[in-house]
Amino acid sequence: LIMPKRGKSTFRKRQNEKKKSEEGLMRLNKYIARAGICSRREADKFIEAGVVKVNGKVITQMGYKLQPTDEVKFNDARIKLETTRYLLLNKPKNYSGRMDDVTKKRTVRELIVGACKEIITPIGRLGKNSTGLLLFTNDDQLAKKLSNPQKRIKEIYHLELDKNLKSIDLKKVQDGLIIGGKKTAVDLVSYINGKDKNEVGLEISVGGIKMVNLIFEKIGYKVSRIDRVFFGGLSKKDLPRKRYRFLTNQEVNLLKRL
């Protein structure tokens, strides 16, 4: 009598049970970062140094996961999770999109300073010469979701090219180009009414700004100006350049459903 093999099945079952039991749990370093104390990387150093306690016990274990009822203390002071924030900025030109830029360049950090006490970071980046919508949050789960390159997030860009876009090349962009062995997928590309033929609107759901630049580079054009006017259901309407606003609950729910 040959007994069925159960090794792999049992292992998978244990892994699934473990995964299920850990659903909703949060890593200690993430909790500290979400409380506005410091970054996750810095939190790891504080944990290692022994200044973090969970339920009165010093925790130095990396990757330690918290139960919802756990009490966390940092330097013997109790800490709590910060309020989740979602801020939308209409980024102007000549501001670095890097929050941690140590040069003397102007950064987007200057434009949102004082907006909230929580530490919020941008989802994706807009280069120094790029403008338009930039979303900031301390919601790591949403940030990870919206930053996933495989996730389809509708974005619309107003582009200015170094020369007029020929109609034959516009059709090439719309039909799709082969880049990196894969065919590009553009939802829509068109000339902008009332503008010269070097200004186009482009709707794309995969690849973002990097893909936009690669597409036009492929057919011999350079993108000299790029303005993101729509991102995942959010638009620039009533949001002047250099200004920001917090998202409504309805907008946050919309993003979470993407």
# chains A, B, ... in the order shown; residues from 1 in each chain; ligands from 1
$ closest_atom_pairs --of "segment 89-172 of chain A" --to "segment 223-245 of chain A" --cutoff "8 Å" --atoms "only C-alpha atoms" --output "CSV"
residue,atom,partner,partner_atom,distance
A:Leu89,CA,A:Tyr244,CA,4.2
A:Asn90,CA,A:Arg241,CA,5.0
A:Lys91,CA,A:Lys242,CA,5.5
A:Pro92,CA,A:Lys242,CA,5.5
A:Leu111,CA,A:Lys242,CA,6.7
A:Ile112,CA,A:Tyr244,CA,7.3
A:Asn129,CA,A:Arg225,CA,7.0
A:Ser130,CA,A:Ile226,CA,5.2
A:Thr131,CA,A:Asp227,CA,4.6
A:Gly132,CA,A:Arg228,CA,4.4
A:Leu133,CA,A:Arg228,CA,5.5
A:Ile153,CA,A:Gly232,CA,5.4
A:Lys154,CA,A:Gly232,CA,5.1
A:Glu155,CA,A:Phe231,CA,4.6
A:Ile156,CA,A:Phe230,CA,4.9
A:Tyr157,CA,A:Arg228,CA,4.5
A:His158,CA,A:Asp227,CA,5.1
A:Leu159,CA,A:Ile226,CA,4.7
A:Glu160,CA,A:Arg225,CA,4.9
A:Leu161,CA,A:Val223,CA,4.6
A:Asp162,CA,A:Ser224,CA,5.9
$ write_last_selection --atoms "C-alpha atoms" --output "PDB file, in the first residue's frame"
ATOM      1  CA  LEU A  89       0.494  68.831  -4.384  1.00  0.00           C
ATOM      2  CA  ASN A  90       0.550  70.604  -7.743  1.00  0.00           C
ATOM      3  CA  LYS A  91       4.319  70.556  -8.134  1.00  0.00           C
ATOM      4  CA  PRO A  92       5.992  73.477  -9.918  1.00  0.00           C
ATOM      5  CA  LEU A 111       6.235  73.258  -0.382  1.00  0.00           C
ATOM      6  CA  ILE A 112       4.454  71.089   2.181  1.00  0.00           C
ATOM      7  CA  ASN A 129      11.737  69.836 -14.521  1.00  0.00           C
ATOM      8  CA  SER A 130       8.479  67.881 -14.307  1.00  0.00           C
ATOM      9  CA  THR A 131       5.300  69.450 -12.955  1.00  0.00           C
ATOM     10  CA  GLY A 132       1.851  68.419 -11.865  1.00  0.00           C
ATOM     11  CA  LEU A 133       0.170  66.110  -9.399  1.00  0.00           C
ATOM     12  CA  ILE A 153      -3.237  53.385 -12.500  1.00  0.00           C
ATOM     13  CA  LYS A 154      -4.697  55.863 -14.964  1.00  0.00           C
ATOM     14  CA  GLU A 155      -2.429  58.887 -15.517  1.00  0.00           C
ATOM     15  CA  ILE A 156      -2.822  61.740 -17.993  1.00  0.00           C
ATOM     16  CA  TYR A 157       0.114  63.903 -19.049  1.00  0.00           C
ATOM     17  CA  HIS A 158       0.382  67.164 -20.947  1.00  0.00           C
ATOM     18  CA  LEU A 159       3.634  66.854 -22.886  1.00  0.00           C
ATOM     19  CA  GLU A 160       5.766  69.303 -24.810  1.00  0.00           C
ATOM     20  CA  LEU A 161       8.159  67.761 -27.327  1.00  0.00           C
ATOM     21  CA  ASP A 162      11.319  69.203 -28.874  1.00  0.00           C
TER      22      ASP A 162
END
$ select_by_dssp --residues "segment 12-216 of chain A" --states "alpha helix (DSSP H)" --output "ChimeraX atom specification"
/A:12-21,28-34,40-49,108-112,140-147,167-175,208-216
$ select_by_dssp --residues "segment 74-202 of chain A" --states "strand (DSSP E or B)" --output "MDAnalysis selection string"
chainID A and resid 74 77:79 86:91 96 107 121:122 131:137 155:161 178:179 182:183 186:191 199:202
$ atom_distance --atom1 "atom CA of Arg85 of chain A" --atom2 "atom CA of Met26 of chain A"
18.1 Å
$ residues_around --residues "Arg109 of chain A" --least-positions-apart "4" --cutoff "12 Å" --atoms "only C-alpha atoms" --output "PyMOL selection string"
chain A and resi 89+91+95-102+105+113-116+119-122+134+136+242+244
$ write_last_selection --atoms "C-alpha atoms" --output "tab-separated table (two decimals), in the first residue's frame"
chain	number	residue	atom	x	y	z
A	89	LEU	CA	0.49	68.83	-4.38
A	91	LYS	CA	4.32	70.56	-8.13
A	95	TYR	CA	11.84	71.74	-7.39
A	96	SER	CA	13.55	68.42	-6.74
A	97	GLY	CA	11.09	65.58	-6.21
A	98	ARG	CA	13.41	63.96	-3.63
A	99	MET	CA	12.44	64.58	-0.02
A	100	ASP	CA	15.92	63.57	1.18
A	101	ASP	CA	17.92	65.75	-1.24
A	102	VAL	CA	20.95	66.94	0.74
A	105	LYS	CA	18.40	72.54	-4.40
A	113	VAL	CA	6.35	72.02	5.35
A	114	GLY	CA	3.91	72.66	8.18
A	115	ALA	CA	1.04	70.93	6.40
A	116	CYS	CA	0.87	68.27	9.12
A	119	ILE	CA	5.93	62.30	8.25
A	120	ILE	CA	4.53	61.99	4.72
A	121	THR	CA	6.42	60.97	1.60
A	122	PRO	CA	5.58	61.15	-2.12
A	134	LEU	CA	2.23	64.50	-6.67
A	136	PHE	CA	2.03	62.34	-0.40
A	242	LYS	CA	2.76	75.24	-5.78
A	244	TYR	CA	-1.57	71.54	-1.95
$ residues_around --residues "Asn148 of chain A" --least-positions-apart "3" --cutoff "12 Å" --atoms "only C-alpha atoms" --output "JSON, numbers by chain"
{"A": [123, 124, 141, 142, 143, 144, 145, 151, 152, 153, 205, 206, 207, 208, 258]}
$ residues_around --residues "segment 41-56 of chain A" --least-positions-apart "2" --cutoff "9 Å" --atoms "only C-alpha atoms" --output "VMD selection string"
chain A and resid 28 to 30 32 to 33 37 to 39 58 to 63 66 70 to 76
$ write_last_selection --atoms "N, CA and C atoms" --output "mmCIF file, in the first residue's frame"
data_model
loop_
_atom_site.group_PDB
_atom_site.id
_atom_site.type_symbol
_atom_site.label_atom_id
_atom_site.label_comp_id
_atom_site.auth_asym_id
_atom_site.auth_seq_id
_atom_site.Cartn_x
_atom_site.Cartn_y
_atom_site.Cartn_z
ATOM 1 N N LEU A 28 7.129 46.182 14.168
ATOM 2 C CA LEU A 28 7.428 47.187 15.184
ATOM 3 C C LEU A 28 8.081 48.434 14.580
ATOM 4 N N ASN A 29 8.996 48.240 13.637
ATOM 5 C CA ASN A 29 9.664 49.406 13.035
ATOM 6 C C ASN A 29 8.688 50.270 12.252
ATOM 7 N N LYS A 30 7.719 49.616 11.611
ATOM 8 C CA LYS A 30 6.697 50.356 10.866
ATOM 9 C C LYS A 30 5.814 51.141 11.824
ATOM 10 N N ILE A 32 6.614 52.362 14.746
ATOM 11 C CA ILE A 32 7.367 53.518 15.241
ATOM 12 C C ILE A 32 7.403 54.622 14.187
ATOM 13 N N ALA A 33 7.610 54.220 12.918
ATOM 14 C CA ALA A 33 7.632 55.205 11.832
ATOM 15 C C ALA A 33 6.267 55.848 11.659
ATOM 16 N N ILE A 37 7.884 59.049 14.812
ATOM 17 C CA ILE A 37 9.130 59.167 15.565
ATOM 18 C C ILE A 37 10.326 59.317 14.639
ATOM 19 N N CYS A 38 10.397 58.471 13.635
ATOM 20 C CA CYS A 38 11.537 58.456 12.725
ATOM 21 C C CYS A 38 11.201 57.555 11.540
ATOM 22 N N SER A 39 12.180 57.326 10.677
ATOM 23 C CA SER A 39 11.971 56.428 9.530
ATOM 24 C C SER A 39 12.080 54.978 9.996
ATOM 25 N N VAL A 58 11.643 44.948 26.848
ATOM 26 C CA VAL A 58 12.531 45.458 25.795
ATOM 27 C C VAL A 58 12.550 44.473 24.630
ATOM 28 N N ILE A 59 12.343 44.995 23.427
ATOM 29 C CA ILE A 59 12.348 44.171 22.211
ATOM 30 C C ILE A 59 13.518 44.601 21.336
ATOM 31 N N THR A 60 14.402 43.650 21.034
ATOM 32 C CA THR A 60 15.536 43.945 20.132
ATOM 33 C C THR A 60 15.462 43.085 18.871
ATOM 34 N N GLN A 61 14.412 42.309 18.752
ATOM 35 C CA GLN A 61 14.251 41.404 17.609
ATOM 36 C C GLN A 61 13.808 42.151 16.357
ATOM 37 N N MET A 62 14.577 41.996 15.281
ATOM 38 C CA MET A 62 14.215 42.618 14.012
ATOM 39 C C MET A 62 13.006 41.885 13.418
ATOM 40 N N GLY A 63 12.061 42.637 12.883
ATOM 41 C CA GLY A 63 10.891 42.028 12.256
ATOM 42 C C GLY A 63 9.798 41.651 13.240
ATOM 43 N N LEU A 66 3.546 43.266 16.014
ATOM 44 C CA LEU A 66 2.703 43.681 17.129
ATOM 45 C C LEU A 66 1.288 43.146 17.013
ATOM 46 N N ASP A 70 -1.174 45.594 21.822
ATOM 47 C CA ASP A 70 0.143 45.833 22.437
ATOM 48 C C ASP A 70 0.365 47.302 22.751
ATOM 49 N N GLU A 71 1.069 47.551 23.859
ATOM 50 C CA GLU A 71 1.456 48.915 24.244
ATOM 51 C C GLU A 71 2.931 49.096 23.901
ATOM 52 N N VAL A 72 3.241 50.137 23.168
ATOM 53 C CA VAL A 72 4.615 50.384 22.732
ATOM 54 C C VAL A 72 5.151 51.645 23.404
ATOM 55 N N LYS A 73 6.369 51.529 23.933
ATOM 56 C CA LYS A 73 7.024 52.687 24.549
ATOM 57 C C LYS A 73 8.373 52.925 23.889
ATOM 58 N N PHE A 74 8.660 54.199 23.675
ATOM 59 C CA PHE A 74 9.933 54.617 23.089
ATOM 60 C C PHE A 74 10.600 55.534 24.109
ATOM 61 N N ASN A 75 11.775 55.112 24.597
ATOM 62 C CA ASN A 75 12.429 55.859 25.683
ATOM 63 C C ASN A 75 11.477 56.054 26.863
ATOM 64 N N ASP A 76 10.747 54.980 27.181
ATOM 65 C CA ASP A 76 9.814 54.935 28.318
ATOM 66 C C ASP A 76 8.605 55.863 28.170
#
